[in-house]
$ cat target_12.cif   # mmCIF, C-alpha atoms
data_final
#
loop_
_atom_site.label_atom_id
_atom_site.label_comp_id
_atom_site.auth_asym_id
_atom_site.auth_seq_id
_atom_site.Cartn_x
_atom_site.Cartn_y
_atom_site.Cartn_z
CA MET P 1 -10.77 -12.59 2.24
CA LYS P 2 -7.10 -13.55 2.34
CA ASN P 3 -8.09 -17.24 2.47
CA SER P 4 -11.29 -17.05 0.46
CA LEU P 5 -12.37 -18.99 -2.62
CA GLN P 6 -11.83 -15.81 -4.67
CA PHE P 7 -8.22 -15.74 -3.51
CA LYS P 8 -7.69 -19.35 -4.59
CA VAL P 9 -9.31 -18.77 -7.98
CA ALA P 10 -7.13 -15.70 -8.52
CA THR P 11 -4.03 -17.74 -7.67
CA PHE P 12 -4.96 -20.34 -10.26
CA LEU P 13 -5.59 -17.72 -12.95
CA PHE P 14 -2.37 -15.85 -12.21
CA LYS P 15 -0.29 -19.02 -12.47
CA HIS P 16 -2.07 -20.85 -15.28
CA VAL P 17 -4.26 -18.42 -17.29
CA PRO P 18 -2.45 -15.06 -17.02
CA VAL P 19 -4.29 -13.56 -20.00
CA LEU P 20 -7.49 -13.65 -17.94
CA TYR P 21 -5.94 -12.51 -14.69
CA LYS P 22 -5.71 -8.75 -15.25
CA PRO P 23 -9.27 -8.11 -16.54
CA LEU P 24 -10.80 -10.28 -13.83
CA TYR P 25 -8.55 -8.84 -11.11
CA TYR P 26 -9.39 -5.28 -12.18
CA PHE P 27 -13.10 -6.14 -12.30
CA PHE P 28 -12.90 -7.55 -8.77
CA LYS P 29 -10.86 -4.60 -7.46
CA ASN P 30 -13.21 -2.04 -8.98
CA ARG P 31 -16.08 -3.67 -7.13
CA GLN P 32 -14.27 -4.41 -3.86
CA ASP P 33 -12.45 -1.07 -3.63
CA ALA P 34 -15.12 1.24 -5.04
CA ASP P 35 -15.52 3.15 -1.77
CA GLU P 36 -11.76 3.63 -1.35
CA LEU P 37 -11.46 4.85 -4.94
CA ASN P 38 -14.22 7.42 -4.42
CA LEU P 39 -12.52 8.59 -1.22
CA LEU P 40 -9.09 8.83 -2.83
CA LYS P 41 -10.45 10.88 -5.71
CA GLN P 42 -11.53 13.54 -3.20
CA PHE P 43 -7.93 14.04 -2.10
CA ILE P 44 -5.87 13.39 -5.24
CA LYS P 45 -6.19 16.31 -7.62
CA PRO P 46 -4.55 17.46 -10.85
CA GLY P 47 -0.95 18.38 -10.06
CA SER P 48 -0.71 16.14 -6.99
CA THR P 49 2.36 14.02 -6.26
CA VAL P 50 1.40 10.52 -5.15
CA VAL P 51 3.55 7.71 -3.75
CA ASP P 52 2.19 4.20 -4.26
CA ILE P 53 3.96 1.72 -1.95
CA GLY P 54 3.13 -1.85 -2.88
CA ALA P 55 1.93 -0.95 -6.37
CA ASN P 56 1.57 -4.61 -7.40
CA ILE P 57 0.56 -4.68 -11.10
CA GLY P 58 -0.66 -1.08 -11.19
CA PHE P 59 -4.40 -1.09 -10.48
CA TYR P 60 -4.25 1.99 -8.26
CA ALA P 61 -1.36 3.55 -10.18
CA GLU P 62 -3.47 3.77 -13.33
CA TYR P 63 -6.18 5.68 -11.46
CA PHE P 64 -3.62 7.94 -9.80
CA SER P 65 -2.03 8.72 -13.15
CA ASN P 66 -5.37 9.81 -14.60
CA TRP P 67 -6.26 11.89 -11.57
CA VAL P 68 -3.00 13.82 -11.21
CA GLY P 69 -2.82 14.59 -14.91
CA GLU P 70 0.06 16.02 -16.89
CA THR P 71 1.18 18.31 -14.08
CA GLY P 72 1.28 15.59 -11.41
CA LYS P 73 3.52 12.63 -10.65
CA VAL P 74 3.01 9.09 -9.41
CA HIS P 75 5.97 7.27 -7.84
CA CYS P 76 5.40 3.50 -7.62
CA PHE P 77 7.31 0.92 -5.59
CA GLU P 78 7.02 -2.79 -6.32
CA PRO P 79 9.85 -5.22 -5.47
CA ASP P 80 8.63 -8.48 -7.00
CA GLU P 81 10.03 -9.26 -10.45
CA THR P 82 6.80 -10.63 -11.94
CA ASN P 83 4.61 -7.91 -10.51
CA PHE P 84 7.08 -5.24 -11.58
CA SER P 85 7.07 -6.52 -15.17
CA LEU P 86 3.28 -6.27 -15.25
CA LEU P 87 3.39 -2.87 -13.55
CA LYS P 88 5.80 -1.66 -16.22
CA LYS P 89 3.52 -2.93 -18.98
CA ASN P 90 0.37 -1.48 -17.43
CA THR P 91 1.89 1.99 -16.91
CA GLN P 92 4.00 2.21 -20.07
CA ASN P 93 1.77 4.89 -21.59
CA SER P 94 1.66 6.99 -18.40
CA GLU P 95 4.37 9.61 -18.79
CA ASN P 96 3.66 10.97 -15.32
CA THR P 97 4.37 7.63 -13.62
CA ILE P 98 7.79 6.60 -12.29
CA ILE P 99 8.19 2.95 -11.35
CA ASN P 100 10.82 1.61 -8.95
CA LYS P 101 11.72 -2.05 -8.50
CA LEU P 102 12.33 -1.52 -4.81
CA ALA P 103 10.87 -2.57 -1.49
CA VAL P 104 10.18 0.20 1.02
CA SER P 105 11.45 -0.02 4.59
CA ASP P 106 13.02 2.05 7.37
CA LYS P 107 16.43 2.21 5.69
CA THR P 108 18.09 1.88 2.31
CA GLY P 109 19.91 -1.39 1.62
CA SER P 110 18.71 -4.93 1.00
CA ILE P 111 15.87 -7.03 2.31
CA THR P 112 14.57 -10.60 1.96
CA LEU P 113 11.30 -11.11 0.11
CA TYR P 114 9.35 -14.23 1.07
CA LYS P 115 7.34 -15.11 -2.01
CA SER P 116 3.82 -16.37 -1.50
CA HIS P 117 2.97 -19.88 -2.63
CA ARG P 118 -0.54 -18.65 -3.28
CA LEU P 119 -0.67 -15.34 -5.10
CA ASN P 120 1.29 -12.33 -6.29
CA VAL P 121 -0.45 -9.98 -3.85
CA ASP P 122 0.77 -11.78 -0.74
CA HIS P 123 4.59 -11.64 -0.83
CA ARG P 124 6.11 -10.43 2.43
CA THR P 125 9.33 -8.90 3.73
CA TYR P 126 9.16 -10.90 6.96
CA LYS P 127 9.09 -14.68 7.38
CA PRO P 128 5.51 -16.00 7.24
CA THR P 129 4.41 -19.47 8.33
CA GLN P 130 4.27 -20.60 4.69
CA PHE P 131 6.13 -19.34 1.64
CA ASP P 132 7.31 -20.63 -1.71
CA SER P 133 10.81 -19.16 -2.06
CA THR P 134 12.99 -16.24 -1.02
CA THR P 135 14.93 -13.60 -2.90
CA GLU P 136 17.18 -10.73 -1.87
CA LEU P 137 15.97 -7.32 -3.01
CA LYS P 138 17.02 -3.73 -2.84
CA CYS P 139 15.01 -1.58 -0.46
CA VAL P 140 14.81 2.15 0.16
CA SER P 141 13.38 4.49 2.75
CA ILE P 142 10.96 7.06 1.39
CA ASP P 143 12.98 9.86 3.01
CA ASP P 144 16.12 8.71 1.17
CA TYR P 145 14.23 8.38 -2.10
CA ILE P 146 12.67 11.83 -1.92
CA ASN P 147 15.70 13.49 -0.30
CA ASN P 148 13.90 16.85 -0.10
CA LYS P 149 13.62 17.00 -3.92
CA PHE P 150 9.83 17.32 -4.01
CA LYS P 151 6.75 17.46 -1.79
CA VAL P 152 4.43 14.48 -1.52
CA ASP P 153 0.69 15.10 -1.28
CA PHE P 154 -0.61 11.57 -0.85
CA ILE P 155 0.77 8.15 0.07
CA LYS P 156 -1.03 4.87 -0.53
CA MET P 157 0.56 1.88 1.21
CA ASP P 158 -0.29 -1.83 1.15
CA ILE P 159 2.68 -4.05 2.01
CA GLN P 160 1.21 -6.99 3.88
CA GLY P 161 1.92 -5.98 7.47
CA ALA P 162 5.34 -4.36 6.90
CA GLU P 163 3.91 -0.85 7.16
CA TYR P 164 5.56 0.13 10.45
CA PRO P 165 9.20 0.10 9.26
CA ALA P 166 8.09 1.90 6.10
CA LEU P 167 6.52 4.61 8.27
CA GLU P 168 9.73 4.91 10.28
CA GLY P 169 11.56 5.56 7.03
CA MET P 170 9.31 8.43 5.98
CA LYS P 171 9.29 10.66 9.07
CA LYS P 172 10.73 13.66 7.21
CA THR P 173 8.30 13.23 4.33
CA LEU P 174 5.36 13.10 6.72
CA LYS P 175 6.27 16.52 8.14
CA ASN P 176 4.42 18.09 5.21
CA ASN P 177 1.35 19.32 7.07
CA ASP P 178 -1.00 18.69 4.14
CA ILE P 179 0.06 15.13 3.38
CA LYS P 180 -2.48 12.32 3.63
CA LEU P 181 -1.87 8.60 3.96
CA LEU P 182 -4.12 5.69 3.11
CA SER P 183 -2.79 2.39 4.37
CA GLU P 184 -3.93 -1.17 4.69
CA PHE P 185 -4.29 -1.95 8.40
CA TRP P 186 -3.94 -5.67 9.00
CA PRO P 187 -3.39 -6.35 12.71
CA TYR P 188 -2.48 -10.00 12.15
CA GLY P 189 0.13 -9.09 9.53
CA LEU P 190 1.53 -6.26 11.63
CA LYS P 191 2.05 -8.68 14.52
CA GLN P 192 3.68 -11.26 12.25
CA ALA P 193 6.06 -8.56 11.01
CA GLY P 194 7.09 -7.64 14.56
CA SER P 195 4.97 -4.57 15.20
CA SER P 196 1.36 -4.05 16.25
CA LYS P 197 -1.76 -2.03 15.56
CA GLN P 198 -1.02 -0.03 18.72
CA GLN P 199 2.48 0.80 17.48
CA VAL P 200 1.25 2.03 14.09
CA TYR P 201 -1.52 4.09 15.69
CA ALA P 202 0.90 5.63 18.22
CA PHE P 203 3.37 6.51 15.47
CA LEU P 204 0.75 8.31 13.41
CA THR P 205 -0.82 10.20 16.29
CA GLU P 206 2.60 11.25 17.58
CA GLN P 207 3.23 12.79 14.16
CA GLY P 208 0.06 14.85 14.60
CA PHE P 209 -2.27 12.78 12.44
CA SER P 210 -5.87 11.91 13.10
CA VAL P 211 -6.54 8.28 12.20
CA TYR P 212 -9.79 7.17 10.61
CA LYS P 213 -11.12 3.70 9.92
CA ILE P 214 -12.56 3.53 6.42
CA ASP P 215 -15.92 1.77 6.62
CA LYS P 216 -17.45 1.74 3.14
CA THR P 217 -18.44 5.38 2.59
CA ASN P 218 -17.86 6.40 6.21
CA LEU P 219 -14.74 7.64 7.99
CA ILE P 220 -14.74 6.67 11.67
CA LEU P 221 -12.32 8.62 13.85
CA ILE P 222 -10.21 6.45 16.16
CA GLU P 223 -9.88 8.81 19.11
CA SER P 224 -7.78 6.66 21.43
CA GLU P 225 -5.74 3.48 21.53
CA SER P 226 -8.53 1.73 23.41
CA GLU P 227 -10.73 2.06 20.34
CA LEU P 228 -8.36 -0.14 18.34
CA GLU P 229 -10.35 -3.10 19.62
CA VAL P 230 -12.67 -2.53 16.64
CA PHE P 231 -9.84 -3.96 14.51
CA SER P 232 -9.85 -7.76 14.76
CA ASP P 233 -6.56 -9.66 15.08
CA TYR P 234 -7.77 -12.61 13.01
CA GLU P 235 -5.76 -13.41 9.88
CA GLU P 236 -8.80 -13.03 7.63
CA ASP P 237 -9.64 -9.52 8.87
CA TYR P 238 -7.95 -6.50 7.37
CA TYR P 239 -8.95 -2.87 7.01
CA ASN P 240 -7.97 0.45 5.50
CA ILE P 241 -7.16 3.58 7.47
CA LEU P 242 -6.76 7.22 6.50
CA ALA P 243 -4.30 9.46 8.34
CA THR P 244 -4.62 13.21 7.91
CA ARG P 245 -3.98 16.42 9.81
CA SER P 246 -6.84 18.17 8.03
CA SER P 247 -10.41 18.20 9.26
CA ILE P 248 -12.68 15.77 7.42
#
$ encode --input "target_12.cif" --output "structure tokens"
Amino acid sequence: MKNSLQFKVATFLFKHVPVLYKPLYYFFKNRQDADELNLLKQFIKPGSTVVDIGANIGFYAEYFSNWVGETGKVHCFEPDETNFSLLKKNTQNSENTIINKLAVSDKTGSITLYKSHRLNVDHRTYKPTQFDSTTELKCVSIDDYINNKFKVDFIKMDIQGAEYPALEGMKKTLKNNDIKLLSEFWPYGLKQAGSSKQQVYAFLTEQGFSVYKIDKTNLILIESESELEVFSDYEEDYYNILATRSSI
């Protein structure tokens, strides 16, 4: 998918026909991510507090805002200037949504963003083999951001392989026994960023989570590190996982 014709078409539309990009991107995401959306809706209820790490232009944030309602909150993190501007526009009528122009990592400070030469969904906070330009950004750890001010019920994370340092920066937040985490799981990207699928799995299980591979409408429990072989290391292959301490 990351090198598919659809990806190339989306890149062209984003750069040259932006007025068409959002409706077509949302149409594609609604089809591609239908199973994940149905799963998320089971866990995100009115009054929930959701953290959206890698919010991009707000596709998921708009759903989260509707689901949590007036009594809930959605905290979005998106570091890229262009994406953040679109995120701001797309969530401007959502009073329960707080947007932050910040990257998320293991500590609060600054970080380099390597901007994709292809598309706005593929910027990275580690040096890829190809990139268009770089920019210095502010970053924050989730623990520093929350600072014991509120409880998080659900975290959605998709940051192109940089998930491990983000996890390291949310250890306190993850101590909430009821919290659930849905994350992109891209072994190739994790390795490029200096971690691995084994490292992410070990981190989550050491925190007491059960880890499930999301396979369309099915949740497949990954019971041991040896079962991580079901996750391919090829660049084109990426997955979603759910981490929870509750029985499914």
$ resolve_selection --input "target_12.cif" --expression "the PyMOL selection byres ((chain P and resi 238) around 8)" --output "MDAnalysis selection string"
chainID P and resid 184:187 231:232 235:237 239:240
$ residues_near_point --input "target_12.cif" --point "(-3.3, 13.4, -2.4)" --cutoff "8 Å" --atoms "only C-alpha atoms" --output "ChimeraX atom specification"
/P:40,43-45,48-50,152-155,179-180
$ residues_around --input "target_12.cif" --residues "P:Thr82" --least-positions-apart "3" --cutoff "9 Å" --atoms "all atoms listed in the file" --output "number ranges by chain"
P: 57, 79, 85-87, 120
$ residues_around --input "target_12.cif" --residues "P:Lys149" --least-positions-apart "6" --cutoff "12 Å" --atoms "all atoms listed in the file" --output "list in words"
Thr49, Ile142, Asp143, Lys172 and Thr173 of chain P
$ closest_residue --input "target_12.cif" --among "P:Lys171, P:Leu242, P:Leu113, P:Asp158" --to "P:Ile146" --atoms "all atoms listed in the file"
P:Lys171
$ atom_distance --input "target_12.cif" --atom1 "atom CA of P:Phe64" --atom2 "atom CA of P:Lys41"
8.5 Å
$ residues_near_point --input "target_12.cif" --point "(-11.6, 5.3, -9.6)" --cutoff "12 Å" --atoms "all atoms listed in the file" --output "list of chain:residue names"
P:Tyr26, P:Phe27, P:Lys29, P:Asn30, P:Arg31, P:Gln32, P:Asp33, P:Ala34, P:Asp35, P:Glu36, P:Leu37, P:Asn38, P:Leu39, P:Leu40, P:Lys41, P:Gln42, P:Ile44, P:Phe59, P:Tyr60, P:Ala61, P:Glu62, P:Tyr63, P:Phe64, P:Ser65, P:Asn66, P:Trp67
$ atom_distance --input "target_12.cif" --atom1 "atom CA of P:Phe203" --atom2 "atom CA of P:Asn176"
15.5 Å
$ build_atoms --input "target_12.cif" --residues "stretch 215-229 of chain P" --atoms "N, CA and C atoms" --output "tab-separated table (two decimals), in the frame of the given file"
chain	number	residue	atom	x	y	z
P	215	ASP	N	-14.84	2.75	6.56
P	215	ASP	CA	-15.92	1.77	6.62
P	215	ASP	C	-16.90	2.08	5.50
P	216	LYS	N	-16.67	1.47	4.35
P	216	LYS	CA	-17.45	1.74	3.14
P	216	LYS	C	-17.36	3.23	2.82
P	217	THR	N	-18.47	3.96	2.92
P	217	THR	CA	-18.44	5.38	2.59
P	217	THR	C	-18.21	6.25	3.82
P	218	ASN	N	-18.01	5.64	4.98
P	218	ASN	CA	-17.86	6.40	6.21
P	218	ASN	C	-16.41	6.41	6.70
P	219	LEU	N	-16.03	7.53	7.32
P	219	LEU	CA	-14.74	7.64	7.99
P	219	LEU	C	-15.01	7.72	9.49
P	220	ILE	N	-14.49	6.75	10.23
P	220	ILE	CA	-14.74	6.67	11.67
P	220	ILE	C	-13.46	7.04	12.41
P	221	LEU	N	-13.50	8.15	13.13
P	221	LEU	CA	-12.32	8.62	13.85
P	221	LEU	C	-11.97	7.67	14.99
P	222	ILE	N	-10.72	7.25	15.05
P	222	ILE	CA	-10.21	6.45	16.16
P	222	ILE	C	-9.58	7.43	17.14
P	223	GLU	N	-10.28	7.73	18.22
P	223	GLU	CA	-9.88	8.81	19.11
P	223	GLU	C	-8.86	8.40	20.16
P	224	SER	N	-8.74	7.11	20.42
P	224	SER	CA	-7.78	6.66	21.43
P	224	SER	C	-7.36	5.23	21.13
P	225	GLU	N	-6.26	4.82	21.75
P	225	GLU	CA	-5.74	3.48	21.53
P	225	GLU	C	-6.74	2.41	21.95
P	226	SER	N	-7.55	2.71	22.95
P	226	SER	CA	-8.53	1.73	23.41
P	226	SER	C	-9.55	1.38	22.33
P	227	GLU	N	-9.76	2.30	21.40
P	227	GLU	CA	-10.73	2.06	20.34
P	227	GLU	C	-10.19	1.15	19.24
P	228	LEU	N	-8.93	0.77	19.33
P	228	LEU	CA	-8.36	-0.14	18.34
P	228	LEU	C	-8.95	-1.54	18.44
P	229	GLU	N	-9.72	-1.79	19.49
P	229	GLU	CA	-10.35	-3.10	19.62
P	229	GLU	C	-11.34	-3.37	18.50
